[in-house]
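Here is the structure we will look at.
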Number of protein chains: 2
Amino acid sequence: MAEAKENVLMEKIVSLCKRRGFIFQSSEIYGGINGFWDYGPLGAELKRNLRDAWWHTMMREREDVVGLDASIIMHRAVWKASGHEDTFADPMSTCKHCKKLIRSDQWWALMCEQSWVQSLAALVEPGSGAFDGGDLLKWAKGKGKHLAPNLALVRNPEVTLSWLAQDVEKGKRPQDARAYYLYLATEQLAATGFVTPCPHCGGELTEPRPFNLMLRTNYGPIASEENLAYLRPETAQAIFVQFKSVLDSSRVRVPFGIGQIGKAFRNEITPRNYTFRSREFEQMELEFFIPPDEAVRLMHGSVAAWSESADLREPKSNWGWEMWHRYWVAQRTEFYRRIGLGPDVLDYHWQKKEELAHYARACVDILFKFPFGTEELEGIAARGDFDLAQHQKHSGKPLEVFDEELRAAATKLTDEQKRAFVAEVQEDWNDHNKSREEAAAFCEKILRGVYLPHVIEPSAGLDRMTLAILCAAYHEEQKTDVNGKVEQRTVLRFHPRVAPIKVGVFPLLKNKPELVAKAREVYGLLRNHCQCFYDESGAIGRRYARQDEIGTPFCLTIDFDTLGEKPELLNTVTIRHRDDGKQERLAIGELLNWLLARIR
Amino acid sequence: MAEAKENVLMEKIVSLCKRRGFIFQSSEIYGGINGFWDYGPLGAELKRNLRDAWWHTMMREREDVVGLDASIIMHRAVWKASGHEDTFADPMSTCKHCKKLIRSDQWWALMCEQSWVQSLAALVEPGSGAFDGGDLLKWAKGKGKHLAPNLALVRNPEVTLSWLAQDVEKGKRPQDARAYYLYLATEQLAATGFVTPCPHCGGELTEPRPFNLMLRTNYGPIASEENLAYLRPETAQAIFVQFKSVLDSSRVRVPFGIGQIGKAFRNEITPRNYTFRSREFEQMELEFFIPPDEAVRLMHGSVAAWSESADLREPKSNWGWEMWHRYWVAQRTEFYRRIGLGPDVLDYHWQKKEELAHYARACVDILFKFPFGTEELEGIAARGDFDLAQHQKHSGKPLEVFDEELRAAATKLTDEQKRAFVAEVQEDWNDHNKSREEAAAFCEKILRGVYLPHVIEPSAGLDRMTLAILCAAYHEEQKTDVNGKVEQRTVLRFHPRVAPIKVGVFPLLKNKPELVAKAREVYGLLRNHCQCFYDESGAIGRRYARQDEIGTPFCLTIDFDTLGEKPELLNTVTIRHRDDGKQERLAIGELLNWLLARIR
């Protein structure tokens, strides 16, 4: 039942987004295209605000991050080096009957959504595996024919049921719902073992095979292997590929970051959960380059260790990767707080050792409690020097940096100290299955001030962030009007910083030219500084409700007092707050600063 | 020689862009990928500023335009309806020898760049067709073998020269350089006629065939015709496809516009002129929807006619498409002026009747004087109702609007007036080869207040605009230093509104903590409001020069007077202007407003 209620909530959000111009299905008049979405007027503004908030926080408020705006299509060799061409794949099965493709990790979720599964579930107790053969037979010859025509139970009910009965006799009962559906998909258990049924038709699925998620294209006149290209599946790789260009052209030095916002594409087999998992999406990624811990130790004698009480507010030069990783988790958490996503709606998943990619040292997912489940908004990974090393190897171009300070520190060491340093690194690396020679080569460079930077990567999804903001903002209120009638009203409680429209400006009455003129004057005063909406039609209550539904945090009303009916209120307006409905009076001359303080 | 000088200028601009982090070649460490470019830290900021300027001017300063942010991949049917699938093609030839593809309209430009063409040109007077057979034979057996191995003259010099000599005897001399190369590519003139030589190898080109410019991809698991999709070749179509969704969800009514910024892709065979013609680019397009002139006439009795003295400042309700078109040309011109591209660097090309697309009523190209030629920055087209009509027809979904005011005006007409209106429209349409029945059906709708809006489309290229801004800003200055040494220095004279960095903040000396502290304080005051750069290293002159080269309009120096050495100058800083080097003194408290007034 909980799930049903959450579906209803998502449906309401989807409906509001369409009705008020936040999000439309792409190519809707042509029946839509699965996994692609368009942002309407308010959605486009909301996304812009989030992009700006990210860029502002990451670039403008910092001196150690610069931007990049790279092309979506890059040289194929980039994806060879990054590993995407060979390994960026999901395991997939094909239905031998209906030919549909199923992502292995989504099989069970898809099963749960099917009506044949739901109607079969009513006939059995999954925990005990208890069933009534007669009920199943009736289902197979009736409902089942329409709902799951290719399920073994439906195609050959008697045979399937007899195998099932034999197994039950032998004490082999299906122990849960999953096992049960595997039984019902199998005509000859003894001969074939279980078969995974297709969620769509009940047919038999093939063994899973890897399926690459990159969309392909060809540039140049004739499609061939030589001009094959991929639409980037992430923005990050461009940052690694241009790392040296940025370093050489900008006045930055490690530690520093390069950030980028842009589109990416993944050929998701089953796009799901509205805009959450789509085929075209926008990422906001930062690659923050730091010295390897060994270099920090050489310069500062030791590497600052992280503890619960560590001060993460200002970066220190003796930080190693762990402090930097924790620092970025804190920074990103603060970013979310500032756009209205606080600890009440966020969660964290610290990946366990066995979940990590082989090169990653740590990864934490920042999660948001969506109505359809708690899902990832952003991943913050400590990726070592894996990416730069791969590109250095594949391109044959040196991507190392020279660190003057490190070189100076190394110069001061005695030969004995140098030997001790090398020995220490060798021992340390030995624990990570790296050879003494590799460690020695690394040390030789470090002692010359040369290294390949390591990287911390906070990688956020803009569409997911937009959806999270919409879900967190969605509220329904019941309001009793003066006649005692209860009205349902929807309010989007956006943080003023991200709200697509910051302020509504209303003359109290449409047919009083002096009110209209004054309202237009106030509107003119504000419109160059923030997104405003002028509205003179309908009762004030209607106008408030319209703005509430699209999340406008403030509404200004110009009334007769503004014109001086009460002389002490001359040139003041009423400000009405969206969330509590409270009203206050403010001088027009103070409006702009009052507003800017709240929306920036 | 003029061309050479311009090439030198472009090379300098390209080199500066790479050196200072404006523009890098995509995937450069892998040898690059032709037709794709990345924007480095300063380029990304510059592009952001231009995007923001466009969005701000088009959306925020207006009440009649809203935004859209649609997906790059749309349903294939969109491109069928728009005509792109069938007709968005360039005529192309293949070389029968080297297999390279040549865009027919670029053949001559490519020829002019080839060294074989240049070396042959030295042997002949193209105007007169005079040649020395001996020189040509020598060339064919020497240089020609390397430069144009597949040219008929090179493969079969005697035969080719004998045909040429015969024709010259008959008085048929090649009259210009083009004709001359056609001769030299042909072994048997009488039998085959002329042959167009391949610019690359001199071989024979095939007849031109149309070549579609859209990049293709497939979404979904298995590539098939059913899930074929194109990367959009323009952002405009998404606006037409979502026209009704926007109309129904936003509080807009005709006349109004929908604007969009986003990536688009074209499979250019020979990407040229740096970022000017690339395969991946960003567009900023507005579709402004207006009533058909007939509706305006019905409501207002007549349609305002355009004349040189027409007042285009504020839209009027009696404007027809021509006034709206002129209005948008004026608006866009003003936009360019405000970002620093004035009448000195712009030009206009009003397309002649025969140049226009069949559905277009008028189109003007706003051109910029690039070093490589005067080329299009933006096209402003009056496209009638072609696009909406196509999508209405192909989707089967009504895209018409209902206009209350039009309906009211129609209701007031007598039957006789209605008949006169219909007759007038029929006569008018007859001039445009449309049937009386079509006209009558259109009028029947108009009289009910229903019509398909017409559209004015200002369509700008962001990459071109960025390049234009860079070219216009590029200046070289000679400066004599105190020792009489002449120094060349490069200045990018960006308009402060678009400059990637607005202000440099410098303490006079790096080793005076009180200067540094004050400079950091001033930097902290400004950084949240605009892109600032703090720099304390090197002599002040060096620091100025660095900022000049990246186009920073203002530099602030914090000196001992700031600290109160001259008490009357306490808490003032020196502002130095990039373009004239003039300096003035301003109180720190006034700095922010002083700056904001110049950069907004």
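To be explicit about the labels: the chains of the structure tokens are called A, B, and onward in the order shown, and within each one the residues are counted from 1, while ligands get numbers from 1 in the order they are shown.
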For segment 577-594 of chain B, please output as JSON, numbers by chain all residues within 7 Å (counting only C-alpha atoms; exclusion window: fewer than 2 positions along the same chain). {"B": [493, 526, 548, 552, 553, 554, 555, 571, 572, 573, 574, 575, 596, 597, 598]}
Strand (DSSP E) call set, DSSP backbone run, segment 53-272 of chain B, as a ChimeraX atom specification: /B:65-68,89-94,101-103,124-125,130-131,209-212,216-218,228-230,256-265
Can you spit out the residues from that selection as a short mmCIF file (atom, residue, chain, number, x, y, z; two decimals), in the first residue's frame, using C-alpha atoms?
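As written to disk, selection_34.cif reads:
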```cif
data_model
loop_
_atom_site.label_atom_id
_atom_site.label_comp_id
_atom_site.auth_asym_id
_atom_site.auth_seq_id
_atom_site.Cartn_x
_atom_site.Cartn_y
_atom_site.Cartn_z
CA VAL B 65 9.30 35.40 -24.38
CA VAL B 66 9.69 32.20 -22.35
CA GLY B 67 12.41 29.57 -22.37
CA LEU B 68 12.67 25.93 -23.32
CA ALA B 89 21.76 17.79 -47.57
CA ASP B 90 24.76 19.27 -49.32
CA PRO B 91 25.69 18.17 -52.83
CA MET B 92 28.92 16.19 -52.67
CA SER B 93 31.31 14.48 -55.06
CA THR B 94 33.70 11.62 -54.44
CA LEU B 101 34.57 13.56 -50.51
CA ILE B 102 34.25 17.16 -51.62
CA ARG B 103 31.34 19.48 -50.90
CA VAL B 124 49.89 30.16 -66.89
CA GLU B 125 47.96 33.36 -67.34
CA ALA B 130 48.16 31.38 -72.60
CA PHE B 131 50.53 28.55 -71.72
CA ARG B 209 25.02 13.66 -54.96
CA PRO B 210 23.04 14.95 -51.96
CA PHE B 211 24.60 14.05 -48.61
CA ASN B 212 22.52 14.39 -45.47
CA ARG B 216 22.71 9.45 -36.80
CA THR B 217 22.50 7.25 -33.76
CA ASN B 218 20.33 4.47 -32.40
CA LEU B 228 17.16 5.36 -35.56
CA ALA B 229 17.49 8.91 -34.28
CA TYR B 230 19.34 12.02 -35.32
CA PHE B 256 4.94 35.69 -27.91
CA GLY B 257 8.20 33.85 -28.31
CA ILE B 258 9.95 30.73 -27.11
CA GLY B 259 13.74 30.81 -26.84
CA GLN B 260 16.24 28.03 -26.44
CA ILE B 261 20.00 27.62 -26.08
CA GLY B 262 21.60 24.29 -26.80
CA LYS B 263 23.93 22.06 -28.73
CA ALA B 264 23.33 21.02 -32.32
CA PHE B 265 25.32 18.83 -34.71
#
```
Mind dumping a table of every chain A residue within 6 Å of chain B, with the nearest atom pair and its distance in Å to one decimal, using only C-alpha atoms, sorted by chain and rising number, as a tab-separated table?
```
residue	atom	partner	partner_atom	distance
A:Arg19	CA	B:Ser249	CA	5.3
A:Arg20	CA	B:Ser249	CA	4.7
A:Gly21	CA	B:Ser249	CA	4.9
A:Ser27	CA	B:His75	CA	5.7
A:Ile29	CA	B:Ser395	CA	5.9
A:Tyr30	CA	B:Ser395	CA	5.6
A:Ile33	CA	B:His75	CA	5.7
A:Asp38	CA	B:Ala70	CA	4.0
A:Tyr39	CA	B:Asp69	CA	4.9
A:Gly40	CA	B:Leu68	CA	4.9
A:Pro41	CA	B:Gly67	CA	4.6
A:Ala44	CA	B:Asp69	CA	5.4
A:Val66	CA	B:Pro41	CA	5.5
A:Gly67	CA	B:Pro41	CA	4.6
A:Leu68	CA	B:Gly40	CA	4.9
A:Asp69	CA	B:Tyr39	CA	4.9
A:Ala70	CA	B:Asp38	CA	4.0
A:Ser71	CA	B:Asp38	CA	5.6
A:Met74	CA	B:Ser27	CA	5.9
A:His75	CA	B:Ile33	CA	5.7
A:Arg216	CA	B:Thr217	CA	5.7
A:Thr217	CA	B:Thr217	CA	5.0
A:Tyr219	CA	B:Asn267	CA	5.9
A:Gly220	CA	B:Ile269	CA	5.7
A:Ser249	CA	B:Arg20	CA	4.7
A:Asn267	CA	B:Tyr219	CA	5.9
A:Ile269	CA	B:Gly220	CA	5.8
A:Ser395	CA	B:Tyr30	CA	5.5
```
How would the residues just picked look written out with N, CA and C atoms as an mmCIF file, in the first residue's frame?
```cif
data_model
loop_
_atom_site.group_PDB
_atom_site.id
_atom_site.type_symbol
_atom_site.label_atom_id
_atom_site.label_comp_id
_atom_site.auth_asym_id
_atom_site.auth_seq_id
_atom_site.Cartn_x
_atom_site.Cartn_y
_atom_site.Cartn_z
ATOM 1 N N ARG A 19 1.490 20.294 -16.395
ATOM 2 C CA ARG A 19 0.437 21.318 -16.433
ATOM 3 C C ARG A 19 1.023 22.732 -16.329
ATOM 4 N N ARG A 20 2.071 22.891 -15.530
ATOM 5 C CA ARG A 20 2.604 24.228 -15.307
ATOM 6 C C ARG A 20 3.904 24.475 -16.074
ATOM 7 N N GLY A 21 4.276 23.568 -16.938
ATOM 8 C CA GLY A 21 5.402 23.858 -17.835
ATOM 9 C C GLY A 21 6.772 23.660 -17.221
ATOM 10 N N SER A 27 9.150 15.229 -27.817
ATOM 11 C CA SER A 27 8.451 14.832 -29.056
ATOM 12 C C SER A 27 7.053 14.299 -28.770
ATOM 13 N N ILE A 29 4.052 15.245 -29.327
ATOM 14 C CA ILE A 29 3.013 15.203 -30.368
ATOM 15 C C ILE A 29 3.245 14.052 -31.346
ATOM 16 N N TYR A 30 4.419 13.465 -31.313
ATOM 17 C CA TYR A 30 4.683 12.288 -32.153
ATOM 18 C C TYR A 30 4.676 11.001 -31.325
ATOM 19 N N ILE A 33 9.295 9.867 -27.045
ATOM 20 C CA ILE A 33 10.463 9.017 -27.292
ATOM 21 C C ILE A 33 11.003 8.654 -25.919
ATOM 22 N N ASP A 38 11.921 17.095 -22.109
ATOM 23 C CA ASP A 38 12.138 18.518 -22.369
ATOM 24 C C ASP A 38 11.735 19.323 -21.139
ATOM 25 N N TYR A 39 12.444 20.396 -20.908
ATOM 26 C CA TYR A 39 12.085 21.285 -19.808
ATOM 27 C C TYR A 39 11.360 22.500 -20.372
ATOM 28 N N GLY A 40 10.156 22.738 -19.876
ATOM 29 C CA GLY A 40 9.352 23.878 -20.323
ATOM 30 C C GLY A 40 9.854 25.169 -19.687
ATOM 31 N N PRO A 41 9.101 26.257 -19.878
ATOM 32 C CA PRO A 41 9.575 27.567 -19.387
ATOM 33 C C PRO A 41 10.023 27.571 -17.925
ATOM 34 N N ALA A 44 13.062 25.123 -17.414
ATOM 35 C CA ALA A 44 14.307 25.673 -17.966
ATOM 36 C C ALA A 44 14.915 26.686 -16.989
ATOM 37 N N VAL A 66 38.665 25.952 -11.893
ATOM 38 C CA VAL A 66 38.362 26.655 -13.144
ATOM 39 C C VAL A 66 37.410 25.789 -13.968
ATOM 40 N N GLY A 67 36.818 26.406 -14.991
ATOM 41 C CA GLY A 67 35.792 25.714 -15.770
ATOM 42 C C GLY A 67 36.307 25.159 -17.080
ATOM 43 N N LEU A 68 35.499 24.295 -17.661
ATOM 44 C CA LEU A 68 35.777 23.728 -18.986
ATOM 45 C C LEU A 68 34.425 23.531 -19.662
ATOM 46 N N ASP A 69 34.402 23.630 -20.984
ATOM 47 C CA ASP A 69 33.162 23.414 -21.735
ATOM 48 C C ASP A 69 33.557 22.649 -22.998
ATOM 49 N N ALA A 70 33.606 21.345 -22.864
ATOM 50 C CA ALA A 70 34.163 20.490 -23.920
ATOM 51 C C ALA A 70 33.057 19.899 -24.793
ATOM 52 N N SER A 71 33.471 19.356 -25.926
ATOM 53 C CA SER A 71 32.498 18.807 -26.868
ATOM 54 C C SER A 71 31.947 17.464 -26.377
ATOM 55 N N MET A 74 33.937 13.150 -28.682
ATOM 56 C CA MET A 74 35.397 13.211 -28.573
ATOM 57 C C MET A 74 35.986 12.059 -29.375
ATOM 58 N N HIS A 75 37.289 12.037 -29.453
ATOM 59 C CA HIS A 75 37.985 10.966 -30.155
ATOM 60 C C HIS A 75 37.689 9.626 -29.479
ATOM 61 N N ARG A 216 26.272 5.415 -30.164
ATOM 62 C CA ARG A 216 27.287 5.521 -31.202
ATOM 63 C C ARG A 216 26.838 6.456 -32.312
ATOM 64 N N THR A 217 27.799 7.050 -32.975
ATOM 65 C CA THR A 217 27.498 7.779 -34.199
ATOM 66 C C THR A 217 28.737 7.725 -35.087
ATOM 67 N N TYR A 219 30.986 10.420 -37.640
ATOM 68 C CA TYR A 219 31.149 11.735 -38.239
ATOM 69 C C TYR A 219 31.917 11.526 -39.539
ATOM 70 N N GLY A 220 31.862 12.504 -40.417
ATOM 71 C CA GLY A 220 32.507 12.316 -41.718
ATOM 72 C C GLY A 220 31.538 11.640 -42.656
ATOM 73 N N SER A 249 47.726 26.566 -19.513
ATOM 74 C CA SER A 249 47.197 27.847 -19.996
ATOM 75 C C SER A 249 46.615 28.704 -18.879
ATOM 76 N N ASN A 267 22.672 4.694 -23.133
ATOM 77 C CA ASN A 267 21.627 3.937 -23.800
ATOM 78 C C ASN A 267 20.936 3.001 -22.811
ATOM 79 N N ILE A 269 18.432 0.670 -21.197
ATOM 80 C CA ILE A 269 17.450 -0.221 -21.824
ATOM 81 C C ILE A 269 16.048 0.083 -21.351
ATOM 82 N N SER A 395 47.744 7.831 -24.609
ATOM 83 C CA SER A 395 48.055 8.923 -25.544
ATOM 84 C C SER A 395 49.560 9.048 -25.767
#
```
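The spacing separating atom CA of Leu508 of chain B from atom CA of Lys485 of chain B amounts to 24.2 Å.
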Apply DSSP to the structure's backbone, then extract all residues of segment 29-75 of chain A labelled helix (DSSP H, G or I) and return them as a PyMOL selection string. chain A and resi 29-30+41-60
